[in-house]
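S.K.: One structure, pasted below without further comment.
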Amino acid sequence: MVVIEAENNSSSLGTKLLVNYVFTDQVSSLSLSDITSDFDPIIREIVESKEFTAKEGSMSVIHNTAGSSIKRVLLLGMGDRKNLESEKTRNLTGKVVNKSKELATDEFVIVPFKDIDNEQISAIVEGIKLSDYSFSNYKKDEDRTDLNQVRILTGNDLGAIQNIIKHSSVLSDAVIFTRDISNLPPNDCSPKVLANLSEKLSSDPKIKVRVIDKEEMESYGFGGILAVGRGSSSSPKLIVIEYSGSTKNDKPIVVVGKAVTFDTGGISIKPSEKMEEMKYDKCGGCNVIGIMKAISDLDFKTNVIGIIPAVENMPSGDSYRPGDIIRMYNNKTVEVLNTDAEGRIILGDALAFAVKTFAPQAIIDMATLTGAAIVALGSNVAALVGNSRDLVTKILEYSNQTGEKIWELPLFDEYKEQLKSSNADIKNIGGRGGGAITAAAFLSYFVGDTPWVHLDIAGTAWNQDGTKEKTYNPKGATGFGIRTIVKFIASHNAS
Ligand code: BES
Ligand code: MN
Ligand code: ZN
């Protein structure tokens, strides 16, 4: 894994690749004379000939043949300084990492722009770590150059910058850890495997992990999780990760994540095309494991609880069926009209359990819940539905900082009305339209008055083909949502 360090400007610098972040207004006076004089004549030439104008996303590579200790310079165009935002830096840094792989260099040095602030340094670190990721558990690409080291040159304040780099590295590593779990194939990632992975977090004395198995769930009345899990020979687990970073009477933040380790649709079976992608139906739950790892590694001073209902949704002689009426943890009865609307059923139990057991100050859930969220917002924006203006506003605010785009959908009473059933309290699907909202409306029956936000990450949880949209999200699971939620939790840090 790549190590990122801050380093003071030095005249004896050696590297295979020196990367210079350049705004358009700097281009006419561009010079590396602080570091080396070897490249300035060529830089002047390509600037004067307009080969390099610092247009956003443009890159020029200059090779040195004169035996300098700096082998190459990469000029990265940052565009107009006025339009600078951290997401741009994250994306362009990802582009640099991809270029470094083309150039087969295992290290590079960054010369950042003048007056760089903490948020921009974090964006550079995240851009490096997240774009360098690839899922290699089952196949190693021998031609791919591993990035080992990146140094960021800083004039002063080395210690302070090193701290920011450390924080962002730890956070990015938690995202990478999550991607590795989310990308696991369904034959190697049963609910039990997720439980075992979660239990490893208890090496931190502040973390206690409790895994509620099928028998225990039966005695407590988790009718929803048990119904959905019944068709699979891998039995369901309810994973509860408790992080005690503050005093006992400090109300916790609860984070809940859907972990359907494979979603066939059950008896309401899905078409076979692209069904393999339903291994990613566990991404919400995996995100929760990653969030708990991040707050543990960052030693947060907040009480946080992660809850992961983990099941496999399979058709079998013992599966739950359309028409079944199940009794949920909060005693509400649910008529099942489609066994493929399973995520809301397991989350309903988990949310009701969270409210009753922990009296949380806030609940956030993450789930690959509906195809309708993708229809509404596409594959780069997650849907948000919530019952608390204050909490919604905060999550949207942190989402702006992390580049994890989130858009709110409304929770009018009429959506909840649609779910009333003549045979039971509610049914598990609504009418034809507004599918992402009716799914959220279903969840609202299980949170009561507790401030709550639901994130539908169906479109954003993974990349089918490594989209060009974000250079730092390679093919496979993205870990979308982790950075935003960790920022939100960080804002509650007592210290
Ligand atoms: N896991 C799916 C949602 C999904 C679909 C996520 C495609 C990502 C990509 C969920 O369990 C599901 O099947 N939802 C149904 C609900 C419907 C039956 C009301 C859907 O969206 O089609
Ligand atoms: Mn489904
Ligand atoms: Zn599902």
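Chains: A, B, ... in order of the structure tokens. Residues: from 1 per chain. Ligands: from 1, in order shown.
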Return as a PDB file with all heavy atoms, in the first residue's frame the residues of protein, DNA or RNA that approach ligand 2 to within 10 Å, with only C-alpha atoms and all ligand atoms taken into account.

M.R.:
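Saved result, out30.pdb, follows:
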```
ATOM      1  N   VAL A 260     -27.105  -7.761   2.087  1.00  0.00           N
ATOM      2  CA  VAL A 260     -27.622  -8.957   1.424  1.00  0.00           C
ATOM      3  C   VAL A 260     -26.439  -9.513   0.632  1.00  0.00           C
ATOM      4  O   VAL A 260     -26.016  -8.910  -0.363  1.00  0.00           O
ATOM      5  CB  VAL A 260     -28.835  -8.624   0.536  1.00  0.00           C
ATOM      6  CG1 VAL A 260     -29.288  -9.870  -0.242  1.00  0.00           C
ATOM      7  CG2 VAL A 260     -29.984  -8.090   1.387  1.00  0.00           C
ATOM      8  N   PHE A 262     -26.033 -11.938  -1.255  1.00  0.00           N
ATOM      9  CA  PHE A 262     -26.409 -12.105  -2.663  1.00  0.00           C
ATOM     10  C   PHE A 262     -27.924 -12.005  -2.768  1.00  0.00           C
ATOM     11  O   PHE A 262     -28.645 -12.606  -1.983  1.00  0.00           O
ATOM     12  CB  PHE A 262     -25.921 -13.443  -3.232  1.00  0.00           C
ATOM     13  CG  PHE A 262     -26.001 -13.472  -4.735  1.00  0.00           C
ATOM     14  CD1 PHE A 262     -25.164 -12.673  -5.498  1.00  0.00           C
ATOM     15  CD2 PHE A 262     -26.936 -14.271  -5.384  1.00  0.00           C
ATOM     16  CE1 PHE A 262     -25.247 -12.665  -6.891  1.00  0.00           C
ATOM     17  CE2 PHE A 262     -27.019 -14.277  -6.775  1.00  0.00           C
ATOM     18  CZ  PHE A 262     -26.171 -13.480  -7.528  1.00  0.00           C
ATOM     19  N   ASP A 263     -28.369 -11.195  -3.732  1.00  0.00           N
ATOM     20  CA  ASP A 263     -29.803 -10.967  -3.893  1.00  0.00           C
ATOM     21  C   ASP A 263     -30.289 -11.555  -5.219  1.00  0.00           C
ATOM     22  O   ASP A 263     -30.150 -10.934  -6.275  1.00  0.00           O
ATOM     23  CB  ASP A 263     -30.105  -9.460  -3.833  1.00  0.00           C
ATOM     24  CG  ASP A 263     -31.602  -9.164  -3.948  1.00  0.00           C
ATOM     25  OD1 ASP A 263     -32.410 -10.112  -3.830  1.00  0.00           O
ATOM     26  OD2 ASP A 263     -31.950  -7.977  -4.140  1.00  0.00           O
ATOM     27  N   THR A 264     -30.824 -12.768  -5.143  1.00  0.00           N
ATOM     28  CA  THR A 264     -31.410 -13.378  -6.354  1.00  0.00           C
ATOM     29  C   THR A 264     -32.815 -12.851  -6.607  1.00  0.00           C
ATOM     30  O   THR A 264     -33.381 -13.073  -7.673  1.00  0.00           O
ATOM     31  CB  THR A 264     -31.548 -14.910  -6.197  1.00  0.00           C
ATOM     32  OG1 THR A 264     -32.491 -15.164  -5.137  1.00  0.00           O
ATOM     33  CG2 THR A 264     -30.224 -15.574  -5.874  1.00  0.00           C
ATOM     34  N   GLY A 265     -33.373 -12.178  -5.597  1.00  0.00           N
ATOM     35  CA  GLY A 265     -34.783 -11.794  -5.648  1.00  0.00           C
ATOM     36  C   GLY A 265     -35.656 -12.794  -4.898  1.00  0.00           C
ATOM     37  O   GLY A 265     -36.795 -12.497  -4.580  1.00  0.00           O
ATOM     38  N   GLY A 266     -35.106 -13.979  -4.624  1.00  0.00           N
ATOM     39  CA  GLY A 266     -35.904 -15.012  -3.947  1.00  0.00           C
ATOM     40  C   GLY A 266     -36.944 -15.590  -4.898  1.00  0.00           C
ATOM     41  O   GLY A 266     -36.681 -15.712  -6.102  1.00  0.00           O
ATOM     42  N   SER A 268     -39.621 -14.258  -6.022  1.00  0.00           N
ATOM     43  CA  SER A 268     -39.853 -13.231  -7.063  1.00  0.00           C
ATOM     44  C   SER A 268     -38.525 -13.020  -7.784  1.00  0.00           C
ATOM     45  O   SER A 268     -37.932 -11.934  -7.750  1.00  0.00           O
ATOM     46  CB  SER A 268     -40.322 -11.923  -6.440  1.00  0.00           C
ATOM     47  OG  SER A 268     -41.319 -12.122  -5.461  1.00  0.00           O
ATOM     48  N   ILE A 269     -38.056 -14.065  -8.442  1.00  0.00           N
ATOM     49  CA  ILE A 269     -36.645 -14.105  -8.865  1.00  0.00           C
ATOM     50  C   ILE A 269     -36.312 -13.050  -9.917  1.00  0.00           C
ATOM     51  O   ILE A 269     -37.148 -12.693 -10.746  1.00  0.00           O
ATOM     52  CB  ILE A 269     -36.282 -15.528  -9.345  1.00  0.00           C
ATOM     53  CG1 ILE A 269     -34.760 -15.720  -9.408  1.00  0.00           C
ATOM     54  CG2 ILE A 269     -36.939 -15.838 -10.704  1.00  0.00           C
ATOM     55  CD1 ILE A 269     -34.333 -17.176  -9.335  1.00  0.00           C
ATOM     56  N   LYS A 270     -35.077 -12.575  -9.890  1.00  0.00           N
ATOM     57  CA  LYS A 270     -34.605 -11.561 -10.829  1.00  0.00           C
ATOM     58  C   LYS A 270     -34.263 -12.201 -12.167  1.00  0.00           C
ATOM     59  O   LYS A 270     -33.947 -13.388 -12.211  1.00  0.00           O
ATOM     60  CB  LYS A 270     -33.317 -10.917 -10.279  1.00  0.00           C
ATOM     61  CG  LYS A 270     -33.502  -9.961  -9.127  1.00  0.00           C
ATOM     62  CD  LYS A 270     -32.153  -9.382  -8.696  1.00  0.00           C
ATOM     63  CE  LYS A 270     -32.311  -8.452  -7.496  1.00  0.00           C
ATOM     64  NZ  LYS A 270     -33.097  -7.242  -7.777  1.00  0.00           N
ATOM     65  N   MET A 278     -25.391  -8.551  -8.086  1.00  0.00           N
ATOM     66  CA  MET A 278     -26.093  -8.518  -6.793  1.00  0.00           C
ATOM     67  C   MET A 278     -25.237  -9.024  -5.636  1.00  0.00           C
ATOM     68  O   MET A 278     -25.674  -9.096  -4.490  1.00  0.00           O
ATOM     69  CB  MET A 278     -27.425  -9.260  -6.887  1.00  0.00           C
ATOM     70  CG  MET A 278     -28.496  -8.420  -7.580  1.00  0.00           C
ATOM     71  SD  MET A 278     -28.829  -6.889  -6.664  1.00  0.00           S
ATOM     72  CE  MET A 278     -28.309  -5.648  -7.834  1.00  0.00           C
ATOM     73  N   ASP A 281     -24.936  -6.237  -3.205  1.00  0.00           N
ATOM     74  CA  ASP A 281     -26.086  -5.850  -2.391  1.00  0.00           C
ATOM     75  C   ASP A 281     -25.738  -5.833  -0.891  1.00  0.00           C
ATOM     76  O   ASP A 281     -26.579  -5.530  -0.064  1.00  0.00           O
ATOM     77  CB  ASP A 281     -27.253  -6.808  -2.673  1.00  0.00           C
ATOM     78  CG  ASP A 281     -28.602  -6.112  -2.578  1.00  0.00           C
ATOM     79  OD1 ASP A 281     -28.635  -4.871  -2.638  1.00  0.00           O
ATOM     80  OD2 ASP A 281     -29.621  -6.814  -2.421  1.00  0.00           O
ATOM     81  N   ASN A 313     -30.480 -13.730   0.022  1.00  0.00           N
ATOM     82  CA  ASN A 313     -31.862 -13.846  -0.467  1.00  0.00           C
ATOM     83  C   ASN A 313     -31.929 -14.882  -1.582  1.00  0.00           C
ATOM     84  O   ASN A 313     -31.549 -14.594  -2.725  1.00  0.00           O
ATOM     85  CB  ASN A 313     -32.344 -12.476  -0.964  1.00  0.00           C
ATOM     86  CG  ASN A 313     -33.828 -12.452  -1.296  1.00  0.00           C
ATOM     87  OD1 ASN A 313     -34.592 -13.318  -0.861  1.00  0.00           O
ATOM     88  ND2 ASN A 313     -34.254 -11.461  -2.074  1.00  0.00           N
ATOM     89  N   ASN A 338     -43.643  -8.911  -2.737  1.00  0.00           N
ATOM     90  CA  ASN A 338     -42.536  -9.188  -3.653  1.00  0.00           C
ATOM     91  C   ASN A 338     -41.316  -9.542  -2.799  1.00  0.00           C
ATOM     92  O   ASN A 338     -40.859  -8.721  -2.000  1.00  0.00           O
ATOM     93  CB  ASN A 338     -42.270  -7.951  -4.526  1.00  0.00           C
ATOM     94  CG  ASN A 338     -41.282  -8.231  -5.636  1.00  0.00           C
ATOM     95  OD1 ASN A 338     -40.305  -8.961  -5.465  1.00  0.00           O
ATOM     96  ND2 ASN A 338     -41.535  -7.650  -6.799  1.00  0.00           N
ATOM     97  N   THR A 339     -40.789 -10.758  -2.985  1.00  0.00           N
ATOM     98  CA  THR A 339     -39.653 -11.166  -2.132  1.00  0.00           C
ATOM     99  C   THR A 339     -38.358 -10.483  -2.552  1.00  0.00           C
ATOM    100  O   THR A 339     -37.341 -10.614  -1.872  1.00  0.00           O
ATOM    101  CB  THR A 339     -39.436 -12.693  -2.170  1.00  0.00           C
ATOM    102  OG1 THR A 339     -39.104 -13.089  -3.511  1.00  0.00           O
ATOM    103  CG2 THR A 339     -40.687 -13.446  -1.712  1.00  0.00           C
ATOM    104  N   ASP A 340     -38.402  -9.754  -3.683  1.00  0.00           N
ATOM    105  CA  ASP A 340     -37.220  -9.013  -4.119  1.00  0.00           C
ATOM    106  C   ASP A 340     -37.114  -7.650  -3.417  1.00  0.00           C
ATOM    107  O   ASP A 340     -36.098  -6.980  -3.514  1.00  0.00           O
ATOM    108  CB  ASP A 340     -37.247  -8.847  -5.641  1.00  0.00           C
ATOM    109  CG  ASP A 340     -35.888  -8.486  -6.212  1.00  0.00           C
ATOM    110  OD1 ASP A 340     -34.882  -8.571  -5.472  1.00  0.00           O
ATOM    111  OD2 ASP A 340     -35.832  -8.124  -7.408  1.00  0.00           O
ATOM    112  N   ALA A 341     -38.186  -7.255  -2.743  1.00  0.00           N
ATOM    113  CA  ALA A 341     -38.105  -6.029  -1.931  1.00  0.00           C
ATOM    114  C   ALA A 341     -37.729  -6.451  -0.515  1.00  0.00           C
ATOM    115  O   ALA A 341     -38.486  -6.284   0.449  1.00  0.00           O
ATOM    116  CB  ALA A 341     -39.416  -5.262  -1.968  1.00  0.00           C
ATOM    117  N   GLU A 342     -36.533  -7.069  -0.402  1.00  0.00           N
ATOM    118  CA  GLU A 342     -36.103  -7.712   0.842  1.00  0.00           C
ATOM    119  C   GLU A 342     -35.287  -6.790   1.739  1.00  0.00           C
ATOM    120  O   GLU A 342     -35.284  -6.941   2.959  1.00  0.00           O
ATOM    121  CB  GLU A 342     -35.285  -8.973   0.516  1.00  0.00           C
ATOM    122  CG  GLU A 342     -33.785  -8.768   0.231  1.00  0.00           C
ATOM    123  CD  GLU A 342     -33.498  -7.938  -1.017  1.00  0.00           C
ATOM    124  OE1 GLU A 342     -34.392  -7.819  -1.887  1.00  0.00           O
ATOM    125  OE2 GLU A 342     -32.382  -7.385  -1.137  1.00  0.00           O
ATOM    126  N   GLY A 343     -34.605  -5.803   1.104  1.00  0.00           N
ATOM    127  CA  GLY A 343     -33.710  -4.936   1.877  1.00  0.00           C
ATOM    128  C   GLY A 343     -34.468  -4.172   2.948  1.00  0.00           C
ATOM    129  O   GLY A 343     -34.050  -4.094   4.107  1.00  0.00           O
ATOM    130  N   ARG A 344     -35.622  -3.624   2.575  1.00  0.00           N
ATOM    131  CA  ARG A 344     -36.417  -2.833   3.523  1.00  0.00           C
ATOM    132  C   ARG A 344     -36.913  -3.699   4.681  1.00  0.00           C
ATOM    133  O   ARG A 344     -37.082  -3.209   5.800  1.00  0.00           O
ATOM    134  CB  ARG A 344     -37.582  -2.166   2.776  1.00  0.00           C
ATOM    135  CG  ARG A 344     -38.526  -3.153   2.124  1.00  0.00           C
ATOM    136  CD  ARG A 344     -39.421  -2.504   1.080  1.00  0.00           C
ATOM    137  NE  ARG A 344     -38.706  -2.234  -0.172  1.00  0.00           N
ATOM    138  CZ  ARG A 344     -39.255  -1.644  -1.225  1.00  0.00           C
ATOM    139  NH1 ARG A 344     -40.505  -1.250  -1.203  1.00  0.00           N
ATOM    140  NH2 ARG A 344     -38.542  -1.445  -2.323  1.00  0.00           N
ATOM    141  N   THR A 368     -28.186  -0.452  -0.709  1.00  0.00           N
ATOM    142  CA  THR A 368     -28.444  -0.576  -2.151  1.00  0.00           C
ATOM    143  C   THR A 368     -29.892  -1.026  -2.273  1.00  0.00           C
ATOM    144  O   THR A 368     -30.182  -2.186  -2.511  1.00  0.00           O
ATOM    145  CB  THR A 368     -27.501  -1.632  -2.761  1.00  0.00           C
ATOM    146  OG1 THR A 368     -27.558  -2.814  -1.939  1.00  0.00           O
ATOM    147  CG2 THR A 368     -26.073  -1.151  -2.835  1.00  0.00           C
ATOM    148  N   LEU A 369     -30.809  -0.068  -2.087  1.00  0.00           N
ATOM    149  CA  LEU A 369     -32.192  -0.465  -1.818  1.00  0.00           C
ATOM    150  C   LEU A 369     -33.066  -0.600  -3.054  1.00  0.00           C
ATOM    151  O   LEU A 369     -33.877  -1.524  -3.124  1.00  0.00           O
ATOM    152  CB  LEU A 369     -32.827   0.523  -0.821  1.00  0.00           C
ATOM    153  CG  LEU A 369     -34.000  -0.054  -0.021  1.00  0.00           C
ATOM    154  CD1 LEU A 369     -33.577  -1.257   0.808  1.00  0.00           C
ATOM    155  CD2 LEU A 369     -34.609   1.005   0.895  1.00  0.00           C
ATOM    156  N   THR A 370     -32.934   0.323  -4.017  1.00  0.00           N
ATOM    157  CA  THR A 370     -33.872   0.272  -5.156  1.00  0.00           C
ATOM    158  C   THR A 370     -33.222   0.619  -6.494  1.00  0.00           C
ATOM    159  O   THR A 370     -32.405   1.552  -6.587  1.00  0.00           O
ATOM    160  CB  THR A 370     -35.037   1.286  -4.965  1.00  0.00           C
ATOM    161  OG1 THR A 370     -34.516   2.611  -4.985  1.00  0.00           O
ATOM    162  CG2 THR A 370     -35.797   1.032  -3.682  1.00  0.00           C
ATOM    163  N   GLY A 371     -33.637  -0.096  -7.529  1.00  0.00           N
ATOM    164  CA  GLY A 371     -33.288   0.288  -8.889  1.00  0.00           C
ATOM    165  C   GLY A 371     -33.882   1.658  -9.208  1.00  0.00           C
ATOM    166  O   GLY A 371     -33.342   2.410 -10.016  1.00  0.00           O
TER     167      GLY A 371
END
```

S.K.: List the spatial neighbours of Phe446 (chain A) as a CSV table (one decimal) with N, CA and C atoms, in the first residue's frame - criterion: any atom at most 6 Å away, only C-alpha atoms, same-chain residues fewer than 4 positions off excluded.

M.R.:
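Final file, out.csv:
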```csv
chain,number,residue,atom,x,y,z
A,348,GLY,N,-35.9,-2.9,8.4
A,348,GLY,CA,-37.0,-2.5,9.3
A,348,GLY,C,-36.7,-3.1,10.7
A,351,LEU,N,-33.6,-1.3,12.2
A,351,LEU,CA,-33.9,0.0,12.7
A,351,LEU,C,-34.7,0.0,14.0
A,352,ALA,N,-35.7,-0.9,14.0
A,352,ALA,CA,-36.6,-1.0,15.3
A,352,ALA,C,-35.7,-1.4,16.4
```

S.K.: Going by DSSP on the backbone, which residues of region 326-374 of chain A come out as strand (DSSP E)? List them as a PyMOL selection string.

M.R.: chain A and resi 326-327+333-335+362-367

S.K.: Using DSSP on the backbone coordinates, identify the residues of region 173-282 of chain A assigned to alpha helix (DSSP H); present them as a ChimeraX atom specification.

M.R.: /A:173-182,191-199,214-220,223-229

S.K.: Export, as a short mmCIF file (atom, residue, chain, number, x, y, z; two decimals), in the first residue's frame, the selected residues with C-alpha atoms.

M.R.:
```
data_model
loop_
_atom_site.label_atom_id
_atom_site.label_comp_id
_atom_site.auth_asym_id
_atom_site.auth_seq_id
_atom_site.Cartn_x
_atom_site.Cartn_y
_atom_site.Cartn_z
CA ASP A 173 -7.48 2.97 4.14
CA ALA A 174 -10.86 2.30 5.77
CA VAL A 175 -12.54 2.91 2.39
CA ILE A 176 -10.07 0.53 0.74
CA PHE A 177 -10.65 -2.09 3.44
CA THR A 178 -14.39 -1.78 2.78
CA ARG A 179 -13.96 -2.13 -0.99
CA ASP A 180 -12.00 -5.34 -0.43
CA ILE A 181 -14.91 -6.85 1.55
CA SER A 182 -17.61 -5.49 -0.76
CA PRO A 191 -23.36 -13.54 6.56
CA LYS A 192 -21.05 -15.57 8.81
CA VAL A 193 -17.97 -14.27 7.00
CA LEU A 194 -19.15 -10.69 7.50
CA ALA A 195 -19.69 -11.46 11.19
CA ASN A 196 -16.16 -12.87 11.51
CA LEU A 197 -14.65 -9.86 9.76
CA SER A 198 -16.59 -7.55 12.10
CA GLU A 199 -15.41 -9.46 15.16
CA LYS A 214 -30.66 -17.37 13.96
CA GLU A 215 -31.71 -19.07 17.20
CA GLU A 216 -31.28 -15.90 19.22
CA MET A 217 -33.15 -13.89 16.57
CA GLU A 218 -36.02 -16.34 16.85
CA SER A 219 -36.28 -15.77 20.57
CA TYR A 220 -36.25 -11.94 20.17
CA GLY A 223 -39.37 -11.85 11.96
CA GLY A 224 -38.15 -9.77 9.02
CA ILE A 225 -34.50 -10.86 8.97
CA LEU A 226 -35.49 -14.48 9.61
CA ALA A 227 -38.05 -14.49 6.77
CA VAL A 228 -35.65 -13.09 4.17
CA GLY A 229 -32.81 -15.35 5.30
#
```

S.K.: Using only C-alpha atoms and all ligand atoms, which of A:Lys301, A:Lys50, A:Lys16, A:Lys274 sits nearest ligand 1?

M.R.: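 Nearest to ligand 1: A:Lys274.
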
S.K.: Env of Val256 (chain A): 12 Å cut, atoms = only C-alpha atoms, seq-sep filter 2 positions within chain, self excluded. Answer as a PyMOL selection string.

M.R.: chain A and resi 238-242+253-254+258-259+282-292+304-310+343-344+346-355+360+362-367+443+447+452-455+485

S.K.: Write a file of the selected residues as an mmCIF file, in the first residue's frame, keeping C-alpha atoms.

M.R.:
```cif
data_model
loop_
_atom_site.group_PDB
_atom_site.id
_atom_site.type_symbol
_atom_site.label_atom_id
_atom_site.label_comp_id
_atom_site.auth_asym_id
_atom_site.auth_seq_id
_atom_site.Cartn_x
_atom_site.Cartn_y
_atom_site.Cartn_z
ATOM 1 C CA LEU A 238 -27.411 -9.592 12.985
ATOM 2 C CA ILE A 239 -24.072 -7.924 13.653
ATOM 3 C CA VAL A 240 -23.856 -5.220 16.326
ATOM 4 C CA ILE A 241 -20.593 -3.267 16.638
ATOM 5 C CA GLU A 242 -20.446 -0.963 19.672
ATOM 6 C CA ILE A 253 -25.075 7.738 16.728
ATOM 7 C CA VAL A 254 -26.279 4.536 15.074
ATOM 8 C CA LYS A 258 -28.027 -3.500 4.419
ATOM 9 C CA ALA A 259 -25.905 -6.592 3.834
ATOM 10 C CA LYS A 282 -24.002 -6.086 0.792
ATOM 11 C CA CYS A 283 -22.255 -2.729 0.220
ATOM 12 C CA GLY A 284 -24.306 -0.776 2.795
ATOM 13 C CA GLY A 285 -23.363 -3.259 5.515
ATOM 14 C CA CYS A 286 -19.729 -3.361 4.421
ATOM 15 C CA ASN A 287 -19.670 0.448 4.602
ATOM 16 C CA VAL A 288 -20.756 0.205 8.229
ATOM 17 C CA ILE A 289 -17.851 -2.131 9.001
ATOM 18 C CA GLY A 290 -15.514 0.372 7.298
ATOM 19 C CA ILE A 291 -16.974 3.332 9.209
ATOM 20 C CA MET A 292 -16.473 1.522 12.523
ATOM 21 C CA VAL A 304 -21.168 5.011 17.755
ATOM 22 C CA ILE A 305 -23.043 1.795 17.065
ATOM 23 C CA GLY A 306 -22.891 -0.091 13.777
ATOM 24 C CA ILE A 307 -25.706 -2.515 12.993
ATOM 25 C CA ILE A 308 -25.620 -4.892 10.045
ATOM 26 C CA PRO A 309 -28.468 -7.241 9.207
ATOM 27 C CA ALA A 310 -26.742 -9.855 7.005
ATOM 28 C CA GLY A 343 -33.710 -4.936 1.877
ATOM 29 C CA ARG A 344 -36.417 -2.833 3.523
ATOM 30 C CA ILE A 346 -34.261 -6.663 7.067
ATOM 31 C CA LEU A 347 -33.599 -2.951 7.658
ATOM 32 C CA GLY A 348 -37.011 -2.538 9.309
ATOM 33 C CA ASP A 349 -36.026 -5.072 11.969
ATOM 34 C CA ALA A 350 -32.567 -3.548 12.395
ATOM 35 C CA LEU A 351 -33.897 0.031 12.706
ATOM 36 C CA ALA A 352 -36.566 -0.959 15.252
ATOM 37 C CA PHE A 353 -33.898 -2.821 17.226
ATOM 38 C CA ALA A 354 -31.632 0.246 17.147
ATOM 39 C CA VAL A 355 -34.365 2.571 18.417
ATOM 40 C CA PRO A 360 -29.870 6.976 19.613
ATOM 41 C CA ALA A 362 -29.470 9.956 15.289
ATOM 42 C CA ILE A 363 -29.733 6.978 12.945
ATOM 43 C CA ILE A 364 -28.225 6.837 9.463
ATOM 44 C CA ASP A 365 -28.854 3.865 7.222
ATOM 45 C CA MET A 366 -27.138 2.979 3.968
ATOM 46 C CA ALA A 367 -28.528 0.491 1.482
ATOM 47 C CA LEU A 443 -38.353 2.211 6.646
ATOM 48 C CA VAL A 447 -37.732 4.579 13.289
ATOM 49 C CA TRP A 452 -33.088 9.498 10.858
ATOM 50 C CA VAL A 453 -31.565 9.693 7.401
ATOM 51 C CA HIS A 454 -31.658 6.976 4.774
ATOM 52 C CA LEU A 455 -29.156 6.828 1.896
ATOM 53 C CA ILE A 485 -20.640 9.738 7.379
#
```

S.K.: Could you give me, as a ChimeraX atom specification, the residues within 12 Å of region 56-61 of chain A, counting only C-alpha atoms and dropping anything in the same chain fewer than 2 positions from it?

M.R.: /A:16-24,39,42-43,46-47,50-54,63-64,71-81,83-84,88-96,98-100,102-103,471

S.K.: Would you pick out the contacts of region 391-394 of chain A at 12 Å or less, using only C-alpha atoms, so that residues sharing its chain but fewer than 4 positions from it are not included, and give the list as number ranges by chain?

M.R.: A: 253, 361-364, 383-387, 398-401, 406-410, 450-455, 484-485, 487-492
